[in-house]
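Below: upload15.cif (mmCIF, C-alpha atoms and all ligand atoms)
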```cif
data_coords
#
loop_
_atom_site.group_PDB
_atom_site.id
_atom_site.type_symbol
_atom_site.label_atom_id
_atom_site.label_comp_id
_atom_site.auth_asym_id
_atom_site.auth_seq_id
_atom_site.Cartn_x
_atom_site.Cartn_y
_atom_site.Cartn_z
ATOM 1 C CA MET A 25 139.585 -28.465 256.260
ATOM 2 C CA LYS A 26 138.300 -28.339 252.695
ATOM 3 C CA LYS A 27 138.867 -31.258 250.355
ATOM 4 C CA ALA A 28 139.775 -31.025 246.664
ATOM 5 C CA ILE A 29 140.755 -33.474 243.952
ATOM 6 C CA VAL A 30 142.911 -32.273 241.062
ATOM 7 C CA LEU A 31 142.780 -34.632 238.098
ATOM 8 C CA GLY A 32 145.752 -33.973 235.824
ATOM 9 C CA ALA A 33 148.057 -32.886 238.660
ATOM 10 C CA SER A 34 151.260 -34.470 237.335
ATOM 11 C CA SER A 35 152.280 -31.528 235.179
ATOM 12 C CA GLY A 36 151.601 -27.980 234.027
ATOM 13 C CA ILE A 37 148.650 -25.974 235.308
ATOM 14 C CA GLY A 38 147.087 -28.799 237.336
ATOM 15 C CA HIS A 39 150.355 -29.426 239.178
ATOM 16 C CA GLU A 40 150.666 -25.765 240.160
ATOM 17 C CA VAL A 41 147.003 -25.494 241.191
ATOM 18 C CA ALA A 42 147.394 -28.600 243.379
ATOM 19 C CA ARG A 43 150.504 -27.082 244.955
ATOM 20 C CA LEU A 44 148.546 -23.908 245.849
ATOM 21 C CA PHE A 45 145.660 -25.889 247.373
ATOM 22 C CA ILE A 46 148.164 -27.832 249.476
ATOM 23 C CA ALA A 47 149.872 -24.584 250.540
ATOM 24 C CA GLN A 48 146.472 -23.211 251.613
ATOM 25 C CA GLY A 49 145.911 -26.177 253.938
ATOM 26 C CA TRP A 50 143.377 -28.158 251.884
ATOM 27 C CA VAL A 51 143.163 -31.946 251.953
ATOM 28 C CA VAL A 52 144.104 -32.699 248.351
ATOM 29 C CA GLY A 53 143.741 -35.750 246.136
ATOM 30 C CA VAL A 54 146.099 -35.634 243.161
ATOM 31 C CA ALA A 55 145.649 -37.923 240.184
ATOM 32 C CA ALA A 56 147.056 -38.585 236.719
ATOM 33 C CA ARG A 57 148.470 -41.482 234.697
ATOM 34 C CA ARG A 58 152.116 -40.778 235.716
ATOM 35 C CA ILE A 59 151.838 -41.401 239.451
ATOM 36 C CA ASP A 60 155.614 -40.923 239.924
ATOM 37 C CA LYS A 61 155.144 -37.251 238.968
ATOM 38 C CA LEU A 62 152.819 -36.780 241.965
ATOM 39 C CA THR A 63 155.416 -37.668 244.610
ATOM 40 C CA ASP A 64 156.726 -34.111 245.061
ATOM 41 C CA LEU A 65 153.168 -32.935 245.797
ATOM 42 C CA GLN A 66 152.621 -35.712 248.337
ATOM 43 C CA ASN A 67 155.920 -34.871 250.026
ATOM 44 C CA LEU A 68 154.645 -31.324 250.671
ATOM 45 C CA ALA A 69 152.103 -32.626 253.230
ATOM 46 C CA PRO A 70 152.038 -36.447 253.350
ATOM 47 C CA GLU A 71 149.286 -36.520 256.001
ATOM 48 C CA ARG A 72 146.745 -34.694 253.822
ATOM 49 C CA VAL A 73 147.775 -35.389 250.210
ATOM 50 C CA PHE A 74 146.408 -38.540 248.565
ATOM 51 C CA THR A 75 147.641 -39.851 245.221
ATOM 52 C CA ALA A 76 145.885 -42.027 242.661
ATOM 53 C CA GLN A 77 146.710 -43.327 239.207
ATOM 54 C CA ILE A 78 143.774 -42.474 236.982
ATOM 55 C CA ASP A 79 143.555 -42.536 233.192
ATOM 56 C CA VAL A 80 140.419 -40.649 232.140
ATOM 57 C CA THR A 81 140.192 -42.732 228.950
ATOM 58 C CA ASP A 82 139.909 -45.922 231.000
ATOM 59 C CA GLU A 83 136.408 -47.168 231.832
ATOM 60 C CA ALA A 84 137.649 -47.971 235.356
ATOM 61 C CA ALA A 85 138.412 -44.278 235.974
ATOM 62 C CA GLU A 86 135.015 -43.591 237.541
ATOM 63 C CA ALA A 87 135.526 -46.332 240.158
ATOM 64 C CA SER A 88 139.068 -45.044 240.824
ATOM 65 C CA LEU A 89 137.756 -41.520 241.424
ATOM 66 C CA GLN A 90 135.087 -42.849 243.809
ATOM 67 C CA GLN A 91 137.776 -44.784 245.716
ATOM 68 C CA LEU A 92 139.924 -41.672 246.007
ATOM 69 C CA ILE A 93 136.956 -39.698 247.389
ATOM 70 C CA GLU A 94 136.358 -42.455 249.948
ATOM 71 C CA ARG A 95 140.027 -42.468 251.005
ATOM 72 C CA MET A 96 139.811 -38.693 251.521
ATOM 73 C CA GLY A 97 136.587 -38.973 253.525
ATOM 74 C CA GLY A 98 134.562 -36.785 251.154
ATOM 75 C CA LEU A 99 134.963 -33.999 248.622
ATOM 76 C CA ASP A 100 134.155 -30.273 248.326
ATOM 77 C CA LEU A 101 135.836 -29.405 245.015
ATOM 78 C CA TYR A 102 136.509 -31.477 241.922
ATOM 79 C CA PHE A 103 139.121 -29.771 239.707
ATOM 80 C CA HIS A 104 139.572 -31.196 236.202
ATOM 81 C CA ALA A 105 142.873 -30.244 234.561
ATOM 82 C CA ALA A 106 143.497 -33.439 232.561
ATOM 83 C CA GLY A 107 143.738 -32.777 228.858
ATOM 84 C CA ILE A 108 145.843 -33.206 225.752
ATOM 85 C CA GLY A 109 146.170 -31.317 222.513
ATOM 86 C CA TRP A 110 148.194 -30.891 219.378
ATOM 87 C CA GLN A 111 148.388 -28.689 216.373
ATOM 88 C CA ASN A 112 147.297 -31.172 213.717
ATOM 89 C CA PRO A 113 147.003 -29.425 210.349
ATOM 90 C CA SER A 114 147.665 -32.713 208.519
ATOM 91 C CA LEU A 115 144.652 -34.180 210.341
ATOM 92 C CA GLU A 116 146.390 -37.340 211.579
ATOM 93 C CA ALA A 117 143.556 -39.613 212.644
ATOM 94 C CA GLU A 118 145.294 -40.955 215.738
ATOM 95 C CA LYS A 119 145.840 -37.467 217.182
ATOM 96 C CA GLU A 120 142.274 -36.379 216.455
ATOM 97 C CA LEU A 121 140.748 -39.485 218.017
ATOM 98 C CA LYS A 122 143.028 -39.501 221.080
ATOM 99 C CA THR A 123 142.147 -35.854 221.720
ATOM 100 C CA MET A 124 138.437 -36.634 221.562
ATOM 101 C CA GLU A 125 138.834 -39.697 223.817
ATOM 102 C CA THR A 126 140.624 -37.642 226.481
ATOM 103 C CA ASN A 127 139.057 -34.184 226.259
ATOM 104 C CA ALA A 128 135.505 -35.213 225.358
ATOM 105 C CA VAL A 129 134.812 -38.813 226.488
ATOM 106 C CA GLY A 130 137.254 -38.823 229.444
ATOM 107 C CA PHE A 131 136.059 -35.375 230.512
ATOM 108 C CA THR A 132 132.414 -36.500 230.425
ATOM 109 C CA ARG A 133 133.269 -39.661 232.398
ATOM 110 C CA LEU A 134 135.064 -37.886 235.267
ATOM 111 C CA VAL A 135 133.041 -34.673 235.470
ATOM 112 C CA GLY A 136 129.878 -36.788 235.353
ATOM 113 C CA CYS A 137 131.179 -38.937 238.210
ATOM 114 C CA ALA A 138 131.908 -35.825 240.298
ATOM 115 C CA TYR A 139 128.446 -34.422 239.485
ATOM 116 C CA ARG A 140 126.716 -37.630 240.606
ATOM 117 C CA TYR A 141 128.774 -37.710 243.806
ATOM 118 C CA PHE A 142 127.864 -34.101 244.680
ATOM 119 C CA ALA A 143 124.206 -34.595 243.705
ATOM 120 C CA ASN A 144 123.987 -37.484 246.194
ATOM 121 C CA ASN A 145 126.056 -35.893 248.946
ATOM 122 C CA GLY A 146 124.688 -32.408 249.548
ATOM 123 C CA GLY A 147 126.472 -30.468 246.797
ATOM 124 C CA GLY A 148 129.933 -29.221 245.912
ATOM 125 C CA HIS A 149 131.966 -27.356 243.329
ATOM 126 C CA ILE A 150 133.211 -28.517 239.920
ATOM 127 C CA ALA A 151 135.954 -26.436 238.269
ATOM 128 C CA CYS A 152 137.468 -27.351 234.917
ATOM 129 C CA ILE A 153 140.244 -25.983 232.759
ATOM 130 C CA THR A 154 138.781 -25.760 229.285
ATOM 131 C CA SER A 155 140.357 -23.141 226.989
ATOM 132 C CA ILE A 156 139.817 -20.054 224.904
ATOM 133 C CA ALA A 157 140.307 -22.491 221.987
ATOM 134 C CA GLY A 158 136.649 -23.474 222.316
ATOM 135 C CA THR A 159 135.532 -20.015 221.198
ATOM 136 C CA LYS A 160 135.836 -20.787 217.477
ATOM 137 C CA GLY A 161 136.754 -23.760 215.278
ATOM 138 C CA LEU A 162 140.523 -23.526 214.774
ATOM 139 C CA GLY A 163 141.839 -24.965 211.486
ATOM 140 C CA PRO A 164 145.279 -25.930 212.856
ATOM 141 C CA ALA A 165 143.769 -27.826 215.818
ATOM 142 C CA PRO A 166 140.360 -29.210 214.810
ATOM 143 C CA ALA A 167 139.836 -31.861 217.512
ATOM 144 C CA TYR A 168 141.357 -29.691 220.231
ATOM 145 C CA SER A 169 139.170 -26.657 219.525
ATOM 146 C CA ALA A 170 136.047 -28.785 219.036
ATOM 147 C CA SER A 171 136.658 -30.744 222.258
ATOM 148 C CA LYS A 172 137.097 -27.497 224.191
ATOM 149 C CA ALA A 173 133.845 -26.087 222.760
ATOM 150 C CA MET A 174 132.185 -29.330 223.847
ATOM 151 C CA GLN A 175 133.543 -28.867 227.377
ATOM 152 C CA ASN A 176 132.234 -25.274 227.536
ATOM 153 C CA THR A 177 128.768 -26.369 226.417
ATOM 154 C CA TYR A 178 128.744 -29.424 228.677
ATOM 155 C CA LEU A 179 129.519 -27.344 231.769
ATOM 156 C CA GLN A 180 126.827 -24.832 230.845
ATOM 157 C CA ALA A 181 124.351 -27.708 230.453
ATOM 158 C CA LEU A 182 125.315 -29.286 233.790
ATOM 159 C CA GLU A 183 124.955 -25.952 235.541
ATOM 160 C CA GLN A 184 121.426 -25.550 234.201
ATOM 161 C CA LEU A 185 120.628 -29.155 235.151
ATOM 162 C CA ALA A 186 121.971 -28.703 238.691
ATOM 163 C CA ILE A 187 119.909 -25.557 239.228
ATOM 164 C CA SER A 188 116.731 -27.151 237.906
ATOM 165 C CA LYS A 189 117.248 -30.197 240.176
ATOM 166 C CA HIS A 190 118.289 -28.101 243.236
ATOM 167 C CA HIS A 191 121.551 -30.042 243.455
ATOM 168 C CA ASN A 192 123.595 -27.214 245.009
ATOM 169 C CA ILE A 193 126.564 -27.741 242.673
ATOM 170 C CA HIS A 194 128.634 -24.730 241.591
ATOM 171 C CA PHE A 195 130.616 -24.660 238.347
ATOM 172 C CA THR A 196 133.688 -22.732 237.238
ATOM 173 C CA ASP A 197 134.717 -22.931 233.583
ATOM 174 C CA ILE A 198 138.333 -21.704 233.364
ATOM 175 C CA ARG A 199 139.492 -20.628 229.918
ATOM 176 C CA PRO A 200 143.175 -19.706 229.711
ATOM 177 C CA GLY A 201 145.037 -18.420 226.669
ATOM 178 C CA PHE A 202 148.528 -19.791 225.943
ATOM 179 C CA VAL A 203 150.305 -21.117 229.054
ATOM 180 C CA ASP A 204 153.936 -22.225 229.113
ATOM 181 C CA THR A 205 153.461 -25.967 229.865
ATOM 182 C CA PRO A 206 154.577 -29.266 228.285
ATOM 183 C CA LEU A 207 151.311 -29.245 226.288
ATOM 184 C CA LEU A 208 152.770 -26.502 224.091
ATOM 185 C CA ALA A 209 156.258 -28.034 223.843
ATOM 186 C CA GLY A 210 157.534 -27.704 220.309
ATOM 187 C CA SER A 211 155.217 -24.830 219.376
ATOM 188 C CA SER A 212 156.979 -21.693 218.254
ATOM 189 C CA ARG A 213 156.093 -17.999 218.208
ATOM 190 C CA LEU A 214 153.293 -18.074 220.762
ATOM 191 C CA PRO A 215 151.907 -14.631 221.583
ATOM 192 C CA MET A 216 150.870 -13.532 225.078
ATOM 193 C CA LEU A 217 152.363 -16.657 226.693
ATOM 194 C CA MET A 218 151.637 -16.870 230.453
ATOM 195 C CA THR A 219 153.414 -18.722 233.262
ATOM 196 C CA THR A 220 151.757 -21.565 235.166
ATOM 197 C CA GLU A 221 152.320 -19.649 238.429
ATOM 198 C CA LYS A 222 150.375 -16.599 237.246
ATOM 199 C CA VAL A 223 147.591 -18.693 235.743
ATOM 200 C CA ALA A 224 147.277 -20.911 238.838
ATOM 201 C CA ARG A 225 146.948 -17.843 241.084
ATOM 202 C CA SER A 226 144.149 -16.471 238.856
ATOM 203 C CA ILE A 227 142.465 -19.875 238.927
ATOM 204 C CA LEU A 228 142.498 -19.992 242.728
ATOM 205 C CA LYS A 229 140.926 -16.543 242.829
ATOM 206 C CA ALA A 230 138.203 -17.571 240.348
ATOM 207 C CA VAL A 231 137.452 -20.759 242.288
ATOM 208 C CA ASN A 232 137.332 -18.986 245.651
ATOM 209 C CA CYS A 233 134.976 -16.324 244.182
ATOM 210 C CA ARG A 234 132.888 -19.084 242.565
ATOM 211 C CA ARG A 235 133.127 -17.426 239.157
ATOM 212 C CA HIS A 236 131.000 -19.166 236.505
ATOM 213 C CA VAL A 237 133.327 -18.488 233.579
ATOM 214 C CA CYS A 238 136.837 -17.087 233.836
ATOM 215 C CA VAL A 239 139.002 -16.214 230.828
ATOM 216 C CA ILE A 240 142.677 -15.833 231.796
ATOM 217 C CA ASP A 241 143.950 -13.192 231.377
ATOM 218 C CA THR A 242 142.310 -9.821 230.466
ATOM 219 C CA ARG A 243 144.219 -9.621 227.162
ATOM 220 C CA TRP A 244 142.830 -13.014 226.137
ATOM 221 C CA ALA A 245 139.345 -12.003 227.290
ATOM 222 C CA VAL A 246 139.462 -8.991 224.960
ATOM 223 C CA LEU A 247 140.843 -11.051 222.091
ATOM 224 C CA THR A 248 138.202 -13.778 222.394
ATOM 225 C CA PHE A 249 135.469 -11.159 222.680
ATOM 226 C CA LEU A 250 136.652 -9.712 219.360
ATOM 227 C CA TRP A 251 137.023 -13.172 217.742
ATOM 228 C CA ARG A 252 133.409 -13.909 218.497
ATOM 229 C CA LEU A 253 132.374 -10.835 216.502
ATOM 230 C CA ILE A 254 134.092 -12.035 213.321
ATOM 231 C CA PRO A 255 131.386 -13.280 210.949
ATOM 232 C CA ASN A 256 131.728 -16.879 209.772
ATOM 233 C CA TRP A 257 132.109 -15.888 206.136
ATOM 234 C CA ILE A 258 135.329 -14.094 207.114
ATOM 235 C CA TRP A 259 136.473 -16.604 209.781
ATOM 236 C CA ARG A 260 136.358 -19.573 207.401
ATOM 237 C CA ARG A 261 138.757 -17.782 205.026
ATOM 238 C CA MET A 262 141.272 -16.766 207.710
ATOM 239 C CA LYS A 263 144.642 -18.498 207.474
ATOM 240 C CA LEU A 264 145.778 -19.538 210.969
ATOM 241 C CA CYS A 265 148.430 -22.084 209.903
HETATM 242 N N1 LIG A 301 148.994 -24.864 228.008
HETATM 243 C C1 LIG A 301 148.084 -24.085 227.455
HETATM 244 O O1 LIG A 301 148.404 -23.149 226.703
HETATM 245 C C2 LIG A 301 146.619 -24.291 227.749
HETATM 246 C C3 LIG A 301 145.725 -23.282 227.401
HETATM 247 C C4 LIG A 301 144.368 -23.444 227.656
HETATM 248 C C5 LIG A 301 143.925 -24.601 228.233
HETATM 249 N N2 LIG A 301 144.804 -25.591 228.565
HETATM 250 C C6 LIG A 301 144.268 -26.794 229.149
HETATM 251 O O2 LIG A 301 144.777 -26.951 230.447
HETATM 252 C C7 LIG A 301 144.732 -28.330 230.806
HETATM 253 C C8 LIG A 301 146.082 -28.704 231.406
HETATM 254 O O3 LIG A 301 147.057 -28.635 230.387
HETATM 255 P P1 LIG A 301 148.568 -28.159 230.617
HETATM 256 O O4 LIG A 301 148.819 -27.061 229.687
HETATM 257 O O5 LIG A 301 148.832 -27.983 232.053
HETATM 258 O O6 LIG A 301 149.329 -29.426 230.001
HETATM 259 P P2 LIG A 301 150.249 -30.553 230.619
HETATM 260 O O7 LIG A 301 151.373 -29.966 231.390
HETATM 261 O O8 LIG A 301 150.560 -31.463 229.482
HETATM 262 O O9 LIG A 301 149.298 -31.292 231.670
HETATM 263 C C9 LIG A 301 148.273 -32.134 231.256
HETATM 264 C C10 LIG A 301 147.824 -32.944 232.453
HETATM 265 O O10 LIG A 301 146.751 -33.788 232.004
HETATM 266 C C11 LIG A 301 147.016 -35.110 232.405
HETATM 267 N N3 LIG A 301 146.428 -36.057 231.470
HETATM 268 C C12 LIG A 301 146.553 -36.098 230.119
HETATM 269 N N4 LIG A 301 145.904 -37.172 229.629
HETATM 270 C C13 LIG A 301 145.366 -37.818 230.703
HETATM 271 C C14 LIG A 301 144.601 -38.995 230.849
HETATM 272 N N5 LIG A 301 144.261 -39.766 229.811
HETATM 273 N N6 LIG A 301 144.200 -39.348 232.089
HETATM 274 C C15 LIG A 301 144.542 -38.612 233.176
HETATM 275 N N7 LIG A 301 145.283 -37.482 233.105
HETATM 276 C C16 LIG A 301 145.686 -37.107 231.872
HETATM 277 C C17 LIG A 301 148.544 -35.212 232.402
HETATM 278 O O11 LIG A 301 148.963 -36.261 233.271
HETATM 279 P P3 LIG A 301 149.544 -37.682 232.798
HETATM 280 O O12 LIG A 301 150.190 -37.501 231.469
HETATM 281 O O13 LIG A 301 150.496 -38.040 233.902
HETATM 282 O O14 LIG A 301 148.359 -38.568 232.772
HETATM 283 C C18 LIG A 301 148.924 -33.867 232.978
HETATM 284 O O15 LIG A 301 148.891 -33.902 234.380
HETATM 285 C C19 LIG A 301 144.376 -29.093 229.526
HETATM 286 O O16 LIG A 301 143.003 -29.413 229.539
HETATM 287 C C20 LIG A 301 144.637 -28.083 228.436
HETATM 288 O O17 LIG A 301 143.834 -28.294 227.310
HETATM 289 C C21 LIG A 301 146.141 -25.451 228.345
#
```

The structure given in the file should be rewritten as structure tokens.
Amino acid sequence: MKKAIVLGASSGIGHEVARLFIAQGWVVGVAARRIDKLTDLQNLAPERVFTAQIDVTDEAAEASLQQLIERMGGLDLYFHAAGIGWQNPSLEAEKELKTMETNAVGFTRLVGCAYRYFANNGGGHIACITSIAGTKGLGPAPAYSASKAMQNTYLQALEQLAISKHHNIHFTDIRPGFVDTPLLAGSSRLPMLMTTEKVARSILKAVNCRRHVCVIDTRWAVLTFLWRLIPNWIWRRMKLC
């Protein structure tokens, strides 16, 4: 039986991905701050689903992840879904800093912990939900788009490091467009909105095929390809909010 940990499994995409891993017979560790929201997942297969309360912004999170791996008797796949984000056109400092703490510092803490575990234990697979928002700096969501670009670059760097050190660690950078989850609650008029079920199925496929980068879905892949072609002198004048 394969073993996976989903960090950020209490809601949205991570919750659905964890549910699919459980349905496929994996041993699954599910973690988030709201441990009560993990009970339904544990009830699906109590003998092979392990829960843990982990806050990625807490310095103790690395030790908590290591303990969860020990309780599970090892790990094949670390799946990072934990993240927050807001539209913040008024640039409220608290929102910007909290986003960086979670999506940049917390991400580095937990993905780094998984990397070190795999490097010392014969290898493994690290898959992370980043976003298409990392493609360009987005005026309405500065910290969110910048933190997602950081995640994209960090994963690329780790992949190069792992290859150069012969660490046998695979990486999948998953970049969805808009998904109907609590993260987008309150946002209006979102184009090309996808369901968590559809996105989770695409994620499972990408993980099983060991894709390096996976934009979900094709429409968003085309859109981000075109975005990238927009020269900066035009992009900086575009009004997105
Ligand atoms: N929804 C979209 O349109 C969209 C698009 C592209 C990428 N994404 C990315 O997908 C990921 C999942 O988001 P979602 O849309 O599924 O949102 P969501 O339903 O709000 O889920 C976010 C998950 O992250 C966890 N989390 C947040 N802060 C945490 C912390 N400090 N420590 C541990 N866990 C934490 C939450 O659990 P607790 O609150 O219980 O801790 C929750 O399980 C995020 O990285 C997001 O940026 C989302």

Exercise for the section: Output the neighbourhood of ligand LIG 301 (chain A) as JSON, numbers by chain, that is, all protein and nucleic acid residues with some atom at most 6 Å from the ligand, counting all atoms listed in the file. Expected result: {"A": [32, 33, 34, 35, 36, 37, 38, 56, 57, 58, 78, 79, 80, 81, 105, 106, 107, 108, 126, 153, 154, 155, 200, 201, 202, 203, 204, 205, 206, 207, 208]}

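Nearest to Arg140 in chain A of all the residues A:Asp60, A:Asp241, A:Glu40, A:Glu86 is A:Glu86, counting all atoms listed in the file.
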
Exercise for the section: Run the PyMOL selection byres (((chain A and resi 233-237) around 7) and not hetatm) mentally over the shown coordinates, then write out the matched residues as number ranges by chain, using the chain letters and numbers from the document. Expected result: A: 195-198, 229-232, 238-239

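Of the residues under consideration (A:Met218, A:Leu101, A:Ala167, A:Ala55), A:Ala167 shows the shortest atom-to-atom contact distance to Lys122 in chain A when counting all atoms listed in the file.
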
Practice task
Could you tell me how far CA of Lys119 in chain A lies from CA of Tyr168 in chain A, in Å and to one decimal?
Solution key: 9.5 Å

Problem - CA of Pro215 in chain A to CA of Phe249 in chain A, distance in Å rounded to a single decimal - result: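 Those two atoms sit 16.8 Å apart.
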
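As for CA of Glu183 in chain A and CA of Phe142 in chain A, they are spaced 12.6 Å apart.
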
Given the file shown, enumerate the residues that the PyMOL selection byres (((chain A and resi 188-191) around 8) and not hetatm) captures and present them as a tab-separated table (two decimals) with C-alpha atoms, in the coordinates of the input.
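New file expr.tsv:
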```tsv
chain	number	residue	atom	x	y	z
A	142	PHE	CA	127.86	-34.10	244.68
A	143	ALA	CA	124.21	-34.60	243.70
A	146	GLY	CA	124.69	-32.41	249.55
A	147	GLY	CA	126.47	-30.47	246.80
A	184	GLN	CA	121.43	-25.55	234.20
A	185	LEU	CA	120.63	-29.16	235.15
A	186	ALA	CA	121.97	-28.70	238.69
A	187	ILE	CA	119.91	-25.56	239.23
A	192	ASN	CA	123.60	-27.21	245.01
A	193	ILE	CA	126.56	-27.74	242.67
```

Handout entry: Selection result of the PyMOL selection byres (((chain A and resi 110) around 12) and not hetatm) on this file, as a ChimeraX atom specification
Key = /A:107-109,111-124,127,157,162-169,171,206-211

Handout entry: Who sits within 7 Å of His194 in chain A, all atoms listed in the file, same chain under 5 positions skipped, as a list of chain:residue names
Key = A:Gly148, A:His149, A:Ile150

Write range 240-247 of chain A as a compact mmCIF listing (two decimals), keeping the file's coordinate frame, completed to all heavy atoms.
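Output file selection.txt follows:
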```
# COMPACT_ATOMS: atom_id res chain seq x y z
N ILE A 240 141.41 -16.32 231.25
CA ILE A 240 142.68 -15.83 231.80
C ILE A 240 143.62 -15.55 230.64
O ILE A 240 143.86 -16.43 229.81
CB ILE A 240 143.32 -16.87 232.74
CG1 ILE A 240 142.33 -17.25 233.86
CG2 ILE A 240 144.63 -16.38 233.29
CD1 ILE A 240 142.80 -18.40 234.74
N ASP A 241 144.15 -14.32 230.51
CA ASP A 241 143.95 -13.19 231.38
C ASP A 241 143.09 -12.12 230.65
O ASP A 241 142.40 -12.49 229.69
CB ASP A 241 145.30 -12.58 231.82
CG ASP A 241 146.19 -12.24 230.61
OD1 ASP A 241 145.72 -12.29 229.46
OD2 ASP A 241 147.36 -11.88 230.82
N THR A 242 143.16 -10.86 231.08
CA THR A 242 142.31 -9.82 230.47
C THR A 242 142.59 -9.67 228.97
O THR A 242 141.66 -9.49 228.17
CB THR A 242 142.56 -8.46 231.17
OG1 THR A 242 142.52 -8.68 232.56
CG2 THR A 242 141.52 -7.44 230.78
N ARG A 243 143.88 -9.77 228.59
CA ARG A 243 144.22 -9.62 227.16
C ARG A 243 143.51 -10.69 226.33
O ARG A 243 142.97 -10.44 225.26
CB ARG A 243 145.74 -9.74 226.96
CG ARG A 243 146.55 -8.67 227.67
CD ARG A 243 148.01 -9.06 227.69
NE ARG A 243 148.24 -10.34 228.36
CZ ARG A 243 149.39 -11.01 228.35
NH1 ARG A 243 150.42 -10.52 227.69
NH2 ARG A 243 149.52 -12.15 228.98
N TRP A 244 143.49 -11.93 226.87
CA TRP A 244 142.83 -13.01 226.14
C TRP A 244 141.32 -12.84 226.16
O TRP A 244 140.63 -13.25 225.21
CB TRP A 244 143.25 -14.36 226.75
CG TRP A 244 144.64 -14.75 226.36
CD1 TRP A 244 145.77 -14.63 227.11
CD2 TRP A 244 145.05 -15.28 225.10
NE1 TRP A 244 146.86 -15.06 226.40
CE2 TRP A 244 146.46 -15.47 225.16
CE3 TRP A 244 144.39 -15.62 223.92
CZ2 TRP A 244 147.20 -15.99 224.10
CZ3 TRP A 244 145.13 -16.13 222.86
CH2 TRP A 244 146.51 -16.31 222.95
N ALA A 245 140.80 -12.25 227.22
CA ALA A 245 139.34 -12.00 227.29
C ALA A 245 138.93 -11.03 226.19
O ALA A 245 137.92 -11.22 225.51
CB ALA A 245 138.98 -11.46 228.67
N VAL A 246 139.77 -9.98 226.01
CA VAL A 246 139.46 -8.99 224.96
C VAL A 246 139.56 -9.65 223.58
O VAL A 246 138.67 -9.50 222.73
CB VAL A 246 140.43 -7.78 225.06
CG1 VAL A 246 140.26 -6.85 223.86
CG2 VAL A 246 140.21 -7.04 226.38
N LEU A 247 140.63 -10.42 223.39
CA LEU A 247 140.84 -11.05 222.09
C LEU A 247 139.70 -12.00 221.73
O LEU A 247 139.18 -11.99 220.60
CB LEU A 247 142.17 -11.82 222.11
CG LEU A 247 142.62 -12.34 220.75
CD1 LEU A 247 143.01 -11.18 219.84
CD2 LEU A 247 143.81 -13.29 220.91
```
